[in-house]
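Beneath this line is the structure, given in structure tokens, with notes to follow.
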Amino acid sequence: MGNQKDNVIKWSDVPERWSDRHDVANSILIEIRDPISQNLKPTNPKIDNNNNAADTPSQTEVNLSRLQQCFLDTICKLQISQEKDTTTIVEAVNGCKILLLQGQSQLDQKSTDKDTLSKELQSVQQKIKTLQEEKDSLKSQLQIEKGNVTLLKCQYDDLNIHSRNLLVETRKELEKLVSSTNSELDFNANRLIIKNQELQTLHESEHNLRLQLDKAMDEILNLKSQISSSMDISGQHAGNATSKSQHQTKEQVDQQPIWKPSVLLIGTSNIRGINESKLSPSIDAIKEICFTLDKTNEYILGYNPQTPPAVVVLHILTNDLKTKTPQNCACELFALISTIQEKWCEVKCIISLATPRKDDMMHHTNGQIVNALIKQNFYGRHYTELKKFQLIEHNNMYYEGQANEDLLQNDLYHLNDKGVSFLASNIKQAVHQILNIPLPPTRRPRSQSQQTRKR
């Protein structure tokens, strides 16, 4: 192996120029030629077996020159071949160097990758450790949540049991309430039957009294005819007896009460200033203040007079408009009218529409809406055909389409004395109109008579 290393031609030992290479070849040939020439110098000419003389020295020189040229060509060819082999070897060596450098770089890169992978391995191990800790914490939280779920389930079961018990108790109370309500309804139905019977008895007694009154009037007329036919009876005694009987008959007629139709006036605080006894001499008015439709319904159901009223006047819309819509107010008013009709079939109803106000434009607008709804449902229906219903629109309380402030108090909602007077006048006219009773003559105010005199 050592000899092979020594025989390896180095690239630095190879001459770079061709002249140098030629000189080397010449020197090699000289080294080869000298021993050969020494060996080839003839001492004596020799004759071969065929008796041919040997070559002369000049021929020997020529042969040597040829041999030298052949050696030189051979050495050059060997040199060229050796150069090619050397080039191939150098290229292979360079390729090996390149591969070695690439391997070194790959080794360095792998070393770097190893460090990087080591760091990544450490980070992954750290992450695994963190995830393990999170897993442990989640396990503990899961145990806690399981305990909470169990607790909530127990609470839900308790609440469900309590709700069921409460539902059972509520059902029992509702059953008791329904049974008590049914018994109360039965009791009220029996009372209603009894009251109807009493009412029928009162109607019959009234009818009998009217018959008795007619009979008494007939007797009075008969007595008058008997008196006129007995004029031929002479004497003061007969005259005295006749005058006495006439006086007694007149006293009996005067003692009999004059019947007046009863009017039930139900309304809000705006009717408080109306004096029902002075409303009209032709009627017997009864006033009751009810602030809402519900209170009015309760009062109607509990009001049982001996003689049913001939007319019911309702002025009850203004307060309900603060808490209810106009549509609901109109529906409840119609339901109240139906209740009144069912209780007193012959009664006549007068609806006093909402009076104008200026305290709140929304309430005033709602009043106009409910008035329009009531008029829309009344006009053109069976109410006007039966002539049992009438509306009071209070148009004289408006001035240029707005509420007249002269008729309102300082709160711009309640009516003052003048406004109450207008309201009473409108109600009086509607009552006389629906009962077909002529209005009593009114006296002129003193101021008007004085103005007439001045004119």
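Each chain in the structure tokens gets a letter, A, B and so on, in the order shown; residues start at 1 in every chain, and ligands are counted from 1 in the order they appear.
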>> When you look at Ser338 of chain A with a cut-off of 12 Å (counting only C-alpha atoms), what residues show up, excluding the ones that are within fewer than 3 positions of it in the same chain? I need them as a list in words.
In response: Asn297, Ile300, Leu301, Cys331, Glu332, Leu333, Phe334, Ala335, Gln341, Glu342, Lys343, Trp344, Cys345, Val347, Lys348, Cys349, Tyr383 and Phe389 of chain A
Using only C-alpha atoms, what table do you get, as JSON lines, when you list each residue of segment 328-419 of chain A with an atom no more than 8 Å from segment 265-275 of chain A, its nearest pair of atoms, and their distance in Å rounded to one decimal, rows by chain then rising number?
{"residue": "A:His414", "atom": "CA", "partner": "A:Asn270", "partner_atom": "CA", "distance": 6.2}
{"residue": "A:Leu415", "atom": "CA", "partner": "A:Asn270", "partner_atom": "CA", "distance": 6.1}
{"residue": "A:Asp417", "atom": "CA", "partner": "A:Gly273", "partner_atom": "CA", "distance": 7.3}
Deliver the residues from the most recent selection as a file, using N, CA, C and O atoms, as an mmCIF file, in the first residue's frame.
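Final output, part.cif:
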data_model
loop_
_atom_site.group_PDB
_atom_site.id
_atom_site.type_symbol
_atom_site.label_atom_id
_atom_site.label_comp_id
_atom_site.auth_asym_id
_atom_site.auth_seq_id
_atom_site.Cartn_x
_atom_site.Cartn_y
_atom_site.Cartn_z
ATOM 1 N N HIS A 414 -112.554 67.946 34.583
ATOM 2 C CA HIS A 414 -113.876 67.941 35.200
ATOM 3 C C HIS A 414 -114.664 69.178 34.762
ATOM 4 O O HIS A 414 -114.093 70.238 34.475
ATOM 5 N N LEU A 415 -115.981 69.019 34.735
ATOM 6 C CA LEU A 415 -116.863 70.116 34.341
ATOM 7 C C LEU A 415 -117.075 71.059 35.518
ATOM 8 O O LEU A 415 -117.218 70.621 36.669
ATOM 9 N N ASP A 417 -119.462 74.431 37.087
ATOM 10 C CA ASP A 417 -120.914 74.569 37.268
ATOM 11 C C ASP A 417 -121.629 74.809 35.941
ATOM 12 O O ASP A 417 -122.710 74.246 35.683
#
> Rounded to one decimal in Å, what is the spacing between atom CA of Leu279 of chain A and atom CA of Lys387 of chain A?
Replying inline: 22.5 Å
Shell of 12 Å around segment 428-437 of chain A, only C-alpha atoms, local chain residues under 4 positions omitted, as a compact mmCIF listing (two decimals) with all heavy atoms, in the first residue's frame:
# COMPACT_ATOMS: atom_id res chain seq x y z
N LYS A 260 -145.10 59.12 38.03
CA LYS A 260 -144.08 59.70 37.18
C LYS A 260 -143.11 58.58 36.76
O LYS A 260 -142.77 57.72 37.55
CB LYS A 260 -143.28 60.77 37.93
CG LYS A 260 -144.10 61.98 38.33
CD LYS A 260 -143.22 62.98 39.06
CE LYS A 260 -144.02 64.19 39.50
NZ LYS A 260 -143.17 65.17 40.23
N PRO A 261 -142.63 58.63 35.53
CA PRO A 261 -141.64 57.61 35.11
C PRO A 261 -140.33 57.82 35.85
O PRO A 261 -139.85 58.95 36.01
CB PRO A 261 -141.49 57.86 33.61
CG PRO A 261 -141.90 59.27 33.41
CD PRO A 261 -142.98 59.54 34.42
N SER A 262 -139.75 56.71 36.30
CA SER A 262 -138.48 56.78 37.03
C SER A 262 -137.31 56.71 36.05
O SER A 262 -137.34 55.94 35.09
CB SER A 262 -138.39 55.63 38.05
OG SER A 262 -138.41 54.39 37.38
N VAL A 263 -136.30 57.53 36.32
CA VAL A 263 -135.10 57.61 35.50
C VAL A 263 -133.89 57.33 36.39
O VAL A 263 -133.68 58.01 37.39
CB VAL A 263 -134.96 58.98 34.81
CG1 VAL A 263 -133.66 59.05 34.03
CG2 VAL A 263 -136.15 59.23 33.90
N LEU A 264 -133.13 56.32 36.02
CA LEU A 264 -131.91 55.96 36.77
C LEU A 264 -130.71 56.58 36.06
O LEU A 264 -130.36 56.21 34.94
CB LEU A 264 -131.75 54.43 36.84
CG LEU A 264 -130.51 53.91 37.56
CD1 LEU A 264 -130.48 54.38 39.01
CD2 LEU A 264 -130.44 52.39 37.49
N LEU A 265 -130.08 57.55 36.71
CA LEU A 265 -128.93 58.27 36.16
C LEU A 265 -127.66 57.74 36.81
O LEU A 265 -127.45 57.90 38.02
CB LEU A 265 -129.08 59.78 36.40
CG LEU A 265 -127.91 60.67 35.97
CD1 LEU A 265 -127.63 60.53 34.49
CD2 LEU A 265 -128.18 62.12 36.34
N ILE A 274 -125.26 67.55 39.48
CA ILE A 274 -126.63 67.57 38.97
C ILE A 274 -127.60 67.28 40.13
O ILE A 274 -127.45 66.27 40.84
CB ILE A 274 -126.80 66.52 37.85
CG1 ILE A 274 -125.92 66.88 36.65
CG2 ILE A 274 -128.27 66.44 37.43
CD1 ILE A 274 -125.97 65.86 35.53
N ASN A 275 -128.57 68.14 40.31
CA ASN A 275 -129.61 67.93 41.32
C ASN A 275 -130.74 67.13 40.67
O ASN A 275 -131.51 67.65 39.88
CB ASN A 275 -130.12 69.28 41.84
CG ASN A 275 -131.04 69.13 43.04
OD1 ASN A 275 -131.39 68.01 43.41
ND2 ASN A 275 -131.42 70.25 43.64
N GLU A 276 -130.81 65.83 41.01
CA GLU A 276 -131.75 64.95 40.33
C GLU A 276 -133.20 65.32 40.62
O GLU A 276 -134.09 65.08 39.80
CB GLU A 276 -131.48 63.49 40.71
CG GLU A 276 -131.71 63.14 42.17
CD GLU A 276 -130.49 63.40 43.03
OE1 GLU A 276 -129.59 64.13 42.57
OE2 GLU A 276 -130.45 62.89 44.17
N SER A 277 -133.45 65.94 41.80
CA SER A 277 -134.84 66.31 42.13
C SER A 277 -135.32 67.49 41.29
O SER A 277 -136.53 67.65 41.08
CB SER A 277 -134.95 66.65 43.61
OG SER A 277 -134.11 67.75 43.93
N LYS A 278 -134.35 68.30 40.76
CA LYS A 278 -134.72 69.45 39.96
C LYS A 278 -134.41 69.26 38.48
O LYS A 278 -134.47 70.21 37.71
CB LYS A 278 -133.97 70.69 40.45
CG LYS A 278 -134.35 71.11 41.86
CD LYS A 278 -133.61 72.37 42.27
CE LYS A 278 -133.98 72.80 43.68
NZ LYS A 278 -133.26 74.03 44.08
N LEU A 279 -134.06 68.03 38.11
CA LEU A 279 -133.74 67.78 36.72
C LEU A 279 -134.95 68.03 35.82
O LEU A 279 -134.84 68.70 34.78
CB LEU A 279 -133.24 66.34 36.55
CG LEU A 279 -132.71 65.95 35.16
CD1 LEU A 279 -131.52 66.81 34.77
CD2 LEU A 279 -132.34 64.48 35.13
N SER A 280 -136.10 67.51 36.21
CA SER A 280 -137.34 67.74 35.46
C SER A 280 -138.51 67.40 36.37
O SER A 280 -138.48 66.38 37.06
CB SER A 280 -137.37 66.87 34.20
OG SER A 280 -138.61 67.03 33.54
N PRO A 281 -139.55 68.22 36.37
CA PRO A 281 -140.72 67.91 37.22
C PRO A 281 -141.55 66.76 36.67
O PRO A 281 -142.42 66.25 37.37
CB PRO A 281 -141.50 69.22 37.21
CG PRO A 281 -141.12 69.90 35.94
CD PRO A 281 -139.70 69.53 35.69
N SER A 282 -141.26 66.34 35.44
CA SER A 282 -142.08 65.28 34.83
C SER A 282 -141.54 63.89 35.09
O SER A 282 -142.17 62.90 34.70
CB SER A 282 -142.15 65.50 33.31
OG SER A 282 -142.66 66.78 33.01
N ILE A 283 -140.40 63.78 35.74
CA ILE A 283 -139.80 62.47 35.97
C ILE A 283 -139.37 62.36 37.42
O ILE A 283 -139.26 63.36 38.14
CB ILE A 283 -138.58 62.24 35.06
CG1 ILE A 283 -137.50 63.30 35.33
CG2 ILE A 283 -138.98 62.22 33.60
CD1 ILE A 283 -136.21 63.06 34.59
N ASP A 284 -139.14 61.10 37.83
CA ASP A 284 -138.62 60.82 39.16
C ASP A 284 -137.20 60.27 38.97
O ASP A 284 -137.02 59.09 38.63
CB ASP A 284 -139.51 59.79 39.87
CG ASP A 284 -139.08 59.55 41.30
OD1 ASP A 284 -138.23 60.32 41.79
OD2 ASP A 284 -139.58 58.59 41.91
N ALA A 285 -136.17 61.13 39.15
CA ALA A 285 -134.79 60.76 38.85
C ALA A 285 -134.09 60.21 40.07
O ALA A 285 -134.30 60.67 41.19
CB ALA A 285 -134.02 61.97 38.32
N PRO A 309 -136.92 50.89 36.50
CA PRO A 309 -136.87 52.24 35.92
C PRO A 309 -137.35 52.23 34.46
O PRO A 309 -137.21 51.24 33.75
CB PRO A 309 -135.39 52.61 36.02
CG PRO A 309 -134.68 51.31 36.05
CD PRO A 309 -135.57 50.36 36.77
N ALA A 310 -137.93 53.37 34.08
CA ALA A 310 -138.37 53.50 32.69
C ALA A 310 -137.21 53.83 31.77
O ALA A 310 -137.19 53.42 30.61
CB ALA A 310 -139.46 54.57 32.58
N VAL A 311 -136.21 54.57 32.28
CA VAL A 311 -135.07 54.99 31.48
C VAL A 311 -133.80 54.84 32.33
O VAL A 311 -133.82 55.15 33.53
CB VAL A 311 -135.20 56.45 30.99
CG1 VAL A 311 -133.99 56.86 30.16
CG2 VAL A 311 -136.47 56.64 30.19
N VAL A 312 -132.72 54.36 31.69
CA VAL A 312 -131.41 54.30 32.32
C VAL A 312 -130.46 55.18 31.50
O VAL A 312 -130.29 54.97 30.30
CB VAL A 312 -130.86 52.86 32.38
CG1 VAL A 312 -129.45 52.86 32.96
CG2 VAL A 312 -131.76 51.98 33.24
N VAL A 313 -129.88 56.18 32.17
CA VAL A 313 -128.95 57.11 31.52
C VAL A 313 -127.54 56.75 32.00
O VAL A 313 -127.29 56.70 33.20
CB VAL A 313 -129.28 58.58 31.86
CG1 VAL A 313 -128.32 59.51 31.14
CG2 VAL A 313 -130.72 58.90 31.48
N LEU A 314 -126.61 56.52 31.05
CA LEU A 314 -125.24 56.11 31.36
C LEU A 314 -124.27 57.20 30.89
O LEU A 314 -124.23 57.53 29.70
CB LEU A 314 -124.90 54.79 30.67
CG LEU A 314 -125.77 53.58 31.05
CD1 LEU A 314 -125.40 52.38 30.21
CD2 LEU A 314 -125.62 53.25 32.52
N VAL A 347 -137.05 48.54 29.61
CA VAL A 347 -136.34 49.76 29.93
C VAL A 347 -135.77 50.39 28.65
O VAL A 347 -135.49 49.71 27.66
CB VAL A 347 -135.22 49.46 30.94
CG1 VAL A 347 -134.06 48.74 30.28
CG2 VAL A 347 -134.72 50.73 31.61
N LYS A 348 -135.61 51.71 28.69
CA LYS A 348 -135.01 52.46 27.59
C LYS A 348 -133.67 53.01 28.06
O LYS A 348 -133.54 53.44 29.21
CB LYS A 348 -135.92 53.60 27.14
CG LYS A 348 -137.27 53.11 26.61
CD LYS A 348 -138.15 54.26 26.19
CE LYS A 348 -139.49 53.74 25.66
NZ LYS A 348 -140.38 54.84 25.24
N CYS A 349 -132.70 52.98 27.15
CA CYS A 349 -131.33 53.38 27.51
C CYS A 349 -130.92 54.64 26.76
O CYS A 349 -131.20 54.79 25.57
CB CYS A 349 -130.33 52.26 27.19
SG CYS A 349 -130.53 50.79 28.21
N ILE A 350 -130.23 55.51 27.48
CA ILE A 350 -129.65 56.72 26.91
C ILE A 350 -128.15 56.68 27.19
O ILE A 350 -127.74 56.55 28.35
CB ILE A 350 -130.28 58.00 27.49
CG1 ILE A 350 -131.76 58.07 27.14
CG2 ILE A 350 -129.56 59.23 26.98
CD1 ILE A 350 -132.48 59.25 27.77
N ILE A 351 -127.35 56.77 26.13
CA ILE A 351 -125.90 56.75 26.27
C ILE A 351 -125.38 58.17 26.12
O ILE A 351 -125.51 58.78 25.06
CB ILE A 351 -125.24 55.83 25.22
CG1 ILE A 351 -125.89 54.45 25.24
CG2 ILE A 351 -123.75 55.74 25.46
CD1 ILE A 351 -125.79 53.74 26.56
N SER A 352 -124.79 58.67 27.20
CA SER A 352 -124.16 59.99 27.16
C SER A 352 -122.70 59.79 26.74
O SER A 352 -121.92 59.16 27.46
CB SER A 352 -124.26 60.67 28.52
OG SER A 352 -123.55 61.88 28.52
N THR A 384 -132.20 51.88 16.85
CA THR A 384 -133.04 53.00 16.43
C THR A 384 -134.42 52.52 16.00
O THR A 384 -135.39 53.26 16.11
CB THR A 384 -132.36 53.75 15.27
OG1 THR A 384 -132.08 52.82 14.23
CG2 THR A 384 -131.05 54.35 15.72
N LEU A 386 -136.19 50.04 17.38
CA LEU A 386 -137.01 49.79 18.56
C LEU A 386 -137.31 51.06 19.36
O LEU A 386 -138.14 51.04 20.26
CB LEU A 386 -136.31 48.78 19.47
CG LEU A 386 -136.13 47.37 18.87
CD1 LEU A 386 -135.34 46.51 19.83
CD2 LEU A 386 -137.48 46.74 18.59
N LYS A 387 -136.61 52.12 19.05
CA LYS A 387 -136.81 53.41 19.74
C LYS A 387 -136.61 53.27 21.25
O LYS A 387 -137.29 53.90 22.04
CB LYS A 387 -138.20 53.98 19.44
CG LYS A 387 -138.41 54.32 17.99
CD LYS A 387 -139.78 54.92 17.75
CE LYS A 387 -139.99 55.27 16.29
NZ LYS A 387 -141.31 55.85 16.03
N LYS A 388 -135.68 52.40 21.62
CA LYS A 388 -135.38 52.23 23.03
C LYS A 388 -134.00 52.76 23.39
O LYS A 388 -133.60 52.70 24.55
CB LYS A 388 -135.43 50.74 23.40
CG LYS A 388 -136.83 50.17 23.48
CD LYS A 388 -136.79 48.75 24.03
CE LYS A 388 -138.19 48.19 24.21
NZ LYS A 388 -138.15 46.83 24.79
N PHE A 389 -133.30 53.29 22.43
CA PHE A 389 -131.95 53.76 22.68
C PHE A 389 -131.76 55.13 22.04
O PHE A 389 -132.33 55.43 21.00
CB PHE A 389 -130.92 52.78 22.10
CG PHE A 389 -130.99 51.42 22.71
CD1 PHE A 389 -131.80 50.45 22.16
CD2 PHE A 389 -130.26 51.11 23.83
CE1 PHE A 389 -131.87 49.19 22.71
CE2 PHE A 389 -130.33 49.86 24.40
CZ PHE A 389 -131.14 48.89 23.83
N GLN A 390 -130.93 55.92 22.73
CA GLN A 390 -130.68 57.27 22.25
C GLN A 390 -129.28 57.68 22.69
O GLN A 390 -128.79 57.27 23.75
CB GLN A 390 -131.74 58.25 22.77
CG GLN A 390 -131.67 59.61 22.12
CD GLN A 390 -132.88 60.47 22.48
OE1 GLN A 390 -133.88 59.93 22.95
NE2 GLN A 390 -132.78 61.75 22.26
N LEU A 391 -128.64 58.51 21.87
CA LEU A 391 -127.30 59.01 22.16
C LEU A 391 -127.34 60.50 22.45
O LEU A 391 -128.12 61.24 21.85
CB LEU A 391 -126.35 58.74 20.98
CG LEU A 391 -126.11 57.28 20.59
CD1 LEU A 391 -125.17 57.22 19.40
CD2 LEU A 391 -125.55 56.49 21.74
N ILE A 392 -126.47 60.92 23.37
CA ILE A 392 -126.28 62.35 23.66
C ILE A 392 -124.86 62.69 23.23
O ILE A 392 -123.89 62.16 23.79
CB ILE A 392 -126.48 62.65 25.16
CG1 ILE A 392 -127.84 62.14 25.63
CG2 ILE A 392 -126.33 64.13 25.42
CD1 ILE A 392 -128.06 62.30 27.13
N GLU A 393 -124.71 63.57 22.24
CA GLU A 393 -123.39 63.85 21.67
C GLU A 393 -122.70 65.07 22.27
O GLU A 393 -121.51 65.27 22.04
CB GLU A 393 -123.53 64.02 20.15
CG GLU A 393 -124.08 62.79 19.45
CD GLU A 393 -124.04 62.91 17.94
OE1 GLU A 393 -123.29 63.79 17.46
OE2 GLU A 393 -124.75 62.17 17.25
N HIS A 394 -123.39 65.93 23.00
CA HIS A 394 -122.80 67.09 23.66
C HIS A 394 -122.07 68.01 22.68
O HIS A 394 -120.93 68.47 22.93
CB HIS A 394 -121.83 66.66 24.76
CG HIS A 394 -122.43 65.73 25.76
ND1 HIS A 394 -123.46 66.09 26.59
CD2 HIS A 394 -122.15 64.43 26.06
CE1 HIS A 394 -123.78 65.06 27.37
NE2 HIS A 394 -123.00 64.03 27.05
N SER A 421 -124.27 72.32 34.11
CA SER A 421 -125.58 72.80 33.65
C SER A 421 -125.85 72.37 32.21
O SER A 421 -126.95 71.93 31.88
CB SER A 421 -125.63 74.32 33.78
OG SER A 421 -126.87 74.81 33.28
N PHE A 422 -124.81 72.50 31.35
CA PHE A 422 -124.97 72.04 29.97
C PHE A 422 -125.25 70.53 29.92
O PHE A 422 -126.10 70.06 29.16
CB PHE A 422 -123.70 72.35 29.17
CG PHE A 422 -123.67 73.74 28.59
CD1 PHE A 422 -123.72 74.85 29.40
CD2 PHE A 422 -123.58 73.94 27.23
CE1 PHE A 422 -123.68 76.13 28.87
CE2 PHE A 422 -123.54 75.22 26.69
CZ PHE A 422 -123.58 76.31 27.51
N LEU A 423 -124.51 69.75 30.74
CA LEU A 423 -124.70 68.30 30.76
C LEU A 423 -126.10 67.94 31.22
O LEU A 423 -126.78 67.09 30.62
CB LEU A 423 -123.65 67.67 31.68
CG LEU A 423 -123.73 66.15 31.88
CD1 LEU A 423 -123.51 65.43 30.56
CD2 LEU A 423 -122.71 65.69 32.92
N ALA A 424 -126.60 68.60 32.29
CA ALA A 424 -127.94 68.33 32.79
C ALA A 424 -129.00 68.68 31.76
O ALA A 424 -130.00 67.96 31.59
CB ALA A 424 -128.18 69.10 34.09
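The two atoms in question, atom CA of Lys418 of chain A and atom CA of Asn396 of chain A, are spaced 11.9 Å apart.
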>> Give me, as a PyMOL selection string, all polymer residues having an atom no more than 9 Å from segment 363-379 of chain A, counting only C-alpha atoms and skipping those fewer than 2 positions away in the same chain.
In response: chain A and resi 317-318+321-322+325-327+329-330+333-334+353-361+381-384+389-391+393
>> Would you pick out the contacts of segment 302-306 of chain A at 8 Å or less, using only C-alpha atoms, so that residues sharing its chain but fewer than 3 positions from it are not included, and give the list as a list of chain:residue names?
In response: A:Leu199, A:Leu202, A:Glu298, A:Tyr299
>> If you run DSSP on the backbone here, which positions in segment 166-401 of chain A get strand (DSSP E or B)? Please write them as number ranges by chain.
In response: A: 262-267, 284-289, 311-315, 348-352, 389-392, 398-399
> Suppose you want the space between atom CA of Glu145 of chain A and atom CA of Gln132 of chain A; what is it in Å?
Replying inline: 19.5 Å
>> Can you tell me, as JSON, numbers by chain, which residues in segment 195-401 of chain A count as alpha helix (DSSP H) by DSSP?
In response: {"A": [195, 196, 197, 198, 199, 200, 201, 202, 203, 204, 205, 206, 207, 208, 209, 210, 211, 212, 213, 214, 215, 216, 217, 218, 219, 220, 221, 222, 223, 224, 225, 226, 227, 228, 229, 236, 237, 238, 239, 240, 241, 242, 243, 244, 245, 246, 247, 248, 249, 250, 251, 252, 253, 254, 255, 293, 294, 295, 296, 297, 298, 299, 300, 301, 302, 326, 327, 328, 329, 330, 331, 332, 333, 334, 335, 336, 337, 338, 339, 340, 341, 342, 343, 361, 362, 363, 364, 365, 366, 367, 368, 369, 370, 371, 372, 373, 374, 375, 376, 377, 378, 382, 383, 384, 385, 386]}
